[in-house]
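Have a look at my_file-v1.tsv below; it lists TSV, C-alpha atoms and all ligand atoms.
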```
chain	number	residue	atom	x	y	z
E	1	MET	CA	9.64	10.03	15.52
E	2	LEU	CA	7.23	7.38	14.32
E	3	LYS	CA	7.95	3.73	13.79
E	4	ILE	CA	6.62	2.37	10.52
E	5	GLY	CA	6.62	-1.33	9.69
E	6	VAL	CA	7.18	-2.84	6.26
E	7	LEU	CA	5.92	-6.37	5.73
E	8	GLY	CA	9.13	-8.23	4.91
E	9	LEU	CA	7.95	-11.54	3.49
E	10	GLN	CA	8.54	-10.87	-0.21
E	11	GLY	CA	9.00	-8.01	-2.66
E	12	ALA	CA	10.45	-4.51	-2.44
E	13	PHE	CA	10.52	-4.11	1.35
E	14	ARG	CA	14.13	-2.91	1.73
E	15	GLU	CA	13.52	0.07	-0.59
E	16	HIS	CA	10.52	1.07	1.51
E	17	LYS	CA	12.65	0.98	4.63
E	18	GLN	CA	15.07	3.39	2.99
E	19	SER	CA	12.38	5.82	1.97
E	20	ILE	CA	10.84	5.86	5.49
E	21	GLU	CA	14.29	6.59	6.88
E	22	ALA	CA	14.85	9.30	4.28
E	23	CYS	CA	11.71	10.96	5.68
E	24	GLY	CA	13.33	10.97	9.13
E	25	HIS	CA	11.39	8.14	10.74
E	26	GLU	CA	12.20	4.68	11.98
E	27	ALA	CA	11.42	1.65	9.81
E	28	LEU	CA	11.03	-1.91	10.98
E	29	ILE	CA	11.03	-4.82	8.55
E	30	ILE	CA	8.34	-7.13	9.88
E	31	LYS	CA	9.18	-10.83	9.72
E	32	LYS	CA	7.08	-12.04	12.65
E	33	LYS	CA	3.51	-11.09	13.47
E	34	GLU	CA	4.47	-10.09	17.05
E	35	GLN	CA	6.49	-7.19	15.60
E	36	LEU	CA	3.25	-5.56	14.43
E	37	GLN	CA	2.65	-4.42	18.00
E	38	GLU	CA	5.72	-2.22	17.81
E	39	VAL	CA	4.67	-0.07	14.86
E	40	ASP	CA	2.25	2.83	14.31
E	41	GLY	CA	1.61	2.14	10.65
E	42	LEU	CA	2.38	-0.54	8.07
E	43	ILE	CA	3.43	-0.69	4.42
E	44	LEU	CA	2.52	-3.71	2.32
E	45	PRO	CA	5.13	-3.61	-0.47
E	46	GLY	CA	4.95	-4.48	-4.14
E	47	GLY	CA	6.00	-7.91	-5.33
E	48	GLU	CA	3.66	-10.73	-6.24
E	49	SER	CA	0.36	-10.84	-4.40
E	50	THR	CA	-0.30	-14.58	-4.76
E	51	THR	CA	3.16	-15.43	-3.42
E	52	MET	CA	2.75	-12.89	-0.64
E	53	ARG	CA	-0.58	-14.38	0.35
E	54	ARG	CA	1.01	-17.82	0.52
E	55	LEU	CA	3.72	-16.50	2.83
E	56	ILE	CA	1.15	-14.63	4.93
E	57	GLU	CA	-0.56	-17.97	5.56
E	58	ARG	CA	2.68	-19.84	6.14
E	59	TYR	CA	3.89	-17.38	8.76
E	60	ASP	CA	0.46	-17.04	10.36
E	61	PHE	CA	0.09	-13.34	9.57
E	62	PHE	CA	-3.42	-13.26	8.17
E	63	GLU	CA	-5.48	-12.44	11.25
E	64	ALA	CA	-2.79	-10.24	12.76
E	65	LEU	CA	-2.77	-8.08	9.63
E	66	GLN	CA	-6.56	-7.83	9.59
E	67	GLN	CA	-6.60	-6.87	13.26
E	68	PHE	CA	-3.91	-4.27	12.69
E	69	GLY	CA	-6.12	-2.54	10.12
E	70	GLN	CA	-9.34	-3.01	12.07
E	71	SER	CA	-7.74	-1.42	15.14
E	72	GLY	CA	-7.49	1.83	13.15
E	73	LYS	CA	-3.77	1.77	12.41
E	74	PRO	CA	-2.90	3.02	8.92
E	75	ILE	CA	-1.85	0.64	6.17
E	76	PHE	CA	-0.32	1.68	2.83
E	77	GLY	CA	-0.52	-0.96	0.09
E	78	THR	CA	1.66	-0.47	-2.98
E	79	CYS	CA	1.12	-2.53	-6.12
E	80	ALA	CA	0.85	-6.14	-4.87
E	81	GLY	CA	0.18	-4.61	-1.45
E	82	LEU	CA	-2.79	-2.72	-2.92
E	83	ILE	CA	-4.14	-6.04	-4.22
E	84	LEU	CA	-3.77	-7.56	-0.73
E	85	LEU	CA	-5.82	-4.72	0.80
E	86	ALA	CA	-8.76	-4.91	-1.62
E	87	THR	CA	-12.15	-6.36	-0.80
E	88	ASN	CA	-12.61	-7.59	-4.40
E	89	ILE	CA	-10.35	-8.72	-7.23
E	90	GLN	CA	-11.76	-8.84	-10.75
E	91	GLY	CA	-11.99	-12.37	-12.11
E	92	GLN	CA	-11.22	-14.01	-8.77
E	93	ASP	CA	-13.75	-15.61	-6.44
E	94	ASP	CA	-12.01	-14.47	-3.34
E	95	ALA	CA	-9.77	-11.61	-2.26
E	96	HIS	CA	-7.11	-11.38	0.48
E	97	LEU	CA	-7.21	-9.08	3.53
E	98	LYS	CA	-10.40	-7.28	2.43
E	99	LEU	CA	-9.64	-4.16	4.45
E	100	MET	CA	-10.09	-1.43	1.84
E	101	ASP	CA	-13.40	-1.30	0.02
E	102	MET	CA	-12.47	-1.44	-3.64
E	103	VAL	CA	-12.46	-3.63	-6.72
E	104	VAL	CA	-9.02	-4.07	-8.29
E	105	ALA	CA	-7.92	-5.39	-11.66
E	106	ARG	CA	-4.57	-7.20	-11.71
E	107	ASN	CA	-1.88	-6.83	-14.41
E	108	ALA	CA	-4.23	-4.31	-15.85
E	109	PHE	CA	-2.15	-2.20	-18.18
E	110	GLY	CA	-1.62	-4.90	-20.80
E	111	ARG	CA	1.44	-6.63	-22.19
E	112	GLN	CA	2.99	-3.73	-24.04
E	113	ARG	CA	2.87	-1.75	-20.86
E	114	GLU	CA	4.36	-4.33	-18.48
E	115	SER	CA	6.40	-1.61	-16.89
E	116	PHE	CA	6.61	2.11	-17.50
E	117	GLU	CA	7.21	5.40	-15.81
E	118	THR	CA	5.04	8.45	-15.94
E	119	LYS	CA	4.48	11.75	-14.15
E	120	LEU	CA	1.39	11.79	-11.98
E	121	ASN	CA	-0.59	14.52	-10.35
E	122	ILE	CA	-1.37	13.15	-6.88
E	123	LYS	CA	-3.97	15.17	-5.06
E	124	GLY	CA	-2.67	16.78	-1.89
E	125	VAL	CA	0.80	15.32	-2.52
E	126	THR	CA	2.57	16.71	-5.60
E	127	ASP	CA	1.71	17.39	-9.24
E	128	ASP	CA	4.76	15.77	-10.86
E	129	PHE	CA	5.35	12.50	-9.10
E	130	GLU	CA	7.61	10.12	-11.01
E	131	ALA	CA	5.59	6.91	-10.80
E	132	VAL	CA	7.06	3.52	-11.68
E	133	PHE	CA	4.50	0.93	-12.74
E	134	ILE	CA	5.52	-2.75	-12.87
E	135	ARG	CA	2.85	-5.25	-13.97
E	136	ALA	CA	0.61	-2.89	-12.12
E	137	PRO	CA	-3.00	-3.27	-11.09
E	138	TYR	CA	-5.51	-0.43	-11.15
E	139	ILE	CA	-8.50	0.33	-8.98
E	140	ALA	CA	-11.68	-0.34	-10.94
E	141	GLU	CA	-14.21	0.77	-8.31
E	142	VAL	CA	-14.20	2.62	-5.03
E	143	LYS	CA	-16.85	3.55	-2.46
E	144	GLU	CA	-18.22	7.05	-1.79
E	145	ASP	CA	-16.07	7.53	1.30
E	146	THR	CA	-12.92	6.95	-0.72
E	147	GLU	CA	-10.85	9.78	-2.10
E	148	VAL	CA	-9.32	9.24	-5.52
E	149	LEU	CA	-5.82	10.73	-5.36
E	150	ALA	CA	-4.51	9.96	-8.85
E	151	THR	CA	-5.60	8.59	-12.19
E	152	TYR	CA	-3.65	7.51	-15.24
E	153	ASP	CA	-5.29	6.84	-18.61
E	154	GLY	CA	-8.64	7.38	-16.90
E	155	LYS	CA	-7.92	4.63	-14.38
E	156	ILE	CA	-7.60	5.08	-10.63
E	157	VAL	CA	-4.03	4.45	-9.52
E	158	ALA	CA	-4.01	5.97	-6.03
E	159	ALA	CA	-6.76	6.31	-3.42
E	160	GLN	CA	-7.40	6.72	0.26
E	161	GLN	CA	-10.23	5.33	2.35
E	162	LYS	CA	-9.98	6.46	5.98
E	163	HIS	CA	-6.71	5.05	7.33
E	164	TYR	CA	-6.00	2.97	4.23
E	165	LEU	CA	-3.86	4.26	1.38
E	166	ALA	CA	-3.30	2.43	-1.90
E	167	ALA	CA	-1.02	3.06	-4.88
E	168	ALA	CA	-0.80	0.93	-8.02
E	169	PHE	CA	2.81	1.98	-8.62
E	170	HIS	CA	6.09	1.72	-6.68
E	171	PRO	CA	6.76	4.94	-4.73
E	172	GLU	CA	9.83	3.42	-3.07
E	173	LEU	CA	11.84	3.06	-6.29
E	174	THR	CA	12.69	6.72	-6.82
E	175	ASP	CA	14.07	9.49	-4.62
E	176	ASP	CA	10.72	11.23	-4.55
E	177	HIS	CA	9.45	10.54	-1.03
E	178	HIS	CA	6.35	12.74	-1.17
E	179	LEU	CA	3.86	9.89	-1.06
E	180	VAL	CA	5.58	8.11	1.83
E	181	GLN	CA	5.65	11.46	3.59
E	182	TYR	CA	1.90	11.74	3.00
E	183	PHE	CA	1.42	8.29	4.55
E	184	ILE	CA	3.54	9.28	7.53
E	185	GLU	CA	1.27	12.29	8.07
E	186	MET	CA	-1.71	9.91	8.05
E	187	VAL	CA	0.02	7.74	10.64
E	188	LYS	CA	0.65	10.81	12.79
E	189	LYS	CA	-2.97	11.87	12.58
E	190	TYR	CA	-4.40	8.45	13.36
E	191	LYS	CA	-1.96	7.92	16.22
E	192	LEU	CA	-3.30	11.06	17.89
E	193	LYS	CA	-6.84	9.96	17.23
E	194	LEU	CA	-6.24	6.50	18.72
E	195	ALA	CA	-4.50	8.02	21.75
E	196	ALA	CA	-7.51	10.28	22.38
E	197	HIS	CA	-9.86	7.29	22.76
E	201	LIG	N1	1.11	-8.09	-10.77
E	201	LIG	C1	1.52	-8.30	-9.42
E	201	LIG	C2	0.48	-9.06	-8.61
E	201	LIG	O1	-0.56	-9.37	-9.09
E	201	LIG	C3	1.84	-7.00	-8.73
E	201	LIG	C4	3.06	-6.37	-9.35
E	201	LIG	C5	3.87	-5.52	-8.44
E	201	LIG	O2	3.70	-5.50	-7.23
E	201	LIG	N2	4.82	-4.87	-9.03
E	201	LIG	O3	0.73	-9.35	-7.48
```

Kindly present the structure from the file in structure tokens form.
Amino acid sequence: MLKIGVLGLQGAFREHKQSIEACGHEALIIKKKEQLQEVDGLILPGGESTTMRRLIERYDFFEALQQFGQSGKPIFGTCAGLILLATNIQGQDDAHLKLMDMVVARNAFGRQRESFETKLNIKGVTDDFEAVFIRAPYIAEVKEDTEVLATYDGKIVAAQQKHYLAAAFHPELTDDHHLVQYFIEMVKKYKLKLAAH
């Protein structure tokens, strides 16, 4: 069994805990940076990225989160969590953790489409994933070493770069746990890789 952390400062962290548990693994809601040492992978939940950043600073998480990613442990950013991972944010001078090489656009689906659900074909995961988008961002640019896993309306909404996974929607809000399961497989793979070093 793996132990997966969910950053528990703001947003939909409890739902993520439930979906990790539904996949048969242990979930730890992370409230203190020291807890990061206990987990094999980390989910950055959806919520509000600016608020989350403020709380990351307040609770002294910033460097610990960067080190977690730089040490090769997998991180899955969903919605606001995807924004936190990105190296660049359109229209903003600076980004947040800058761990995954991509340009993101915030609140990118326009006012009429503040929130919606749609079926997505996610490469290597499932072809009818029920995706819930809430004031969602999209990924405007990725690097060559990044695999695009899903698009919607011609826009990238899920991608993977090495041990980083990003989704513009909220995979924790339905009973479809395929994408979390996919992340857990990544965590398994990278744990073996790290152990071999
Ligand atoms: N629009 C939010 C932000 O910029 C993200 C929305 C979400 O996580 N559901 O942080």

Need to verify the contact set: range 178-188 of chain E, 10 Å, all atoms listed in the file, exclusion of same-chain residues closer than 6 positions in sequence. Can you return it as a ChimeraX atom specification?
/E:1-4,16,19-20,22-25,40-43,72-76,122,124-126,129,160,162-167,171-172

Within 9 Å of ligand LIG 201 (chain E), counting only C-alpha atoms and all ligand atoms, residues as a PyMOL selection string:
chain E and resi 11-12+45-52+78-84+105-108+115+133-137+168-170

I'd like the interatomic distance between CA of Lys143 in chain E and CA of Gln161 in chain E, to a tenth of an Å.
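Going from CA of Lys143 in chain E over to CA of Gln161 in chain E covers 8.4 Å.
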
Between CA of Gln10 in chain E and CA of Tyr190 in chain E, what is the distance, to one decimal in Å?
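Separating CA of Gln10 in chain E from CA of Tyr190 in chain E is a distance of 26.9 Å.
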
To test the calculation: enclose all listed atoms of range 43-57 of chain E in a box whose edges run along x, y and z, add 5 Å on each side, then state centre and edge lengths in Å to one decimal, as JSON.
```
{"center_x": 2.7, "center_y": -9.3, "center_z": -0.3, "size_x": 16.6, "size_y": 27.3, "size_z": 21.8}
```

Point-to-point distance from CA of Gly110 in chain E to CA of His96 in chain E, Å rounded to tenths:
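So the answer is 22.9 Å.
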
Pick from E:His177, E:Lys32, E:Arg53, E:Gly154, whichever lies nearest to Lys17 in chain E using all atoms listed in the file
E:His177
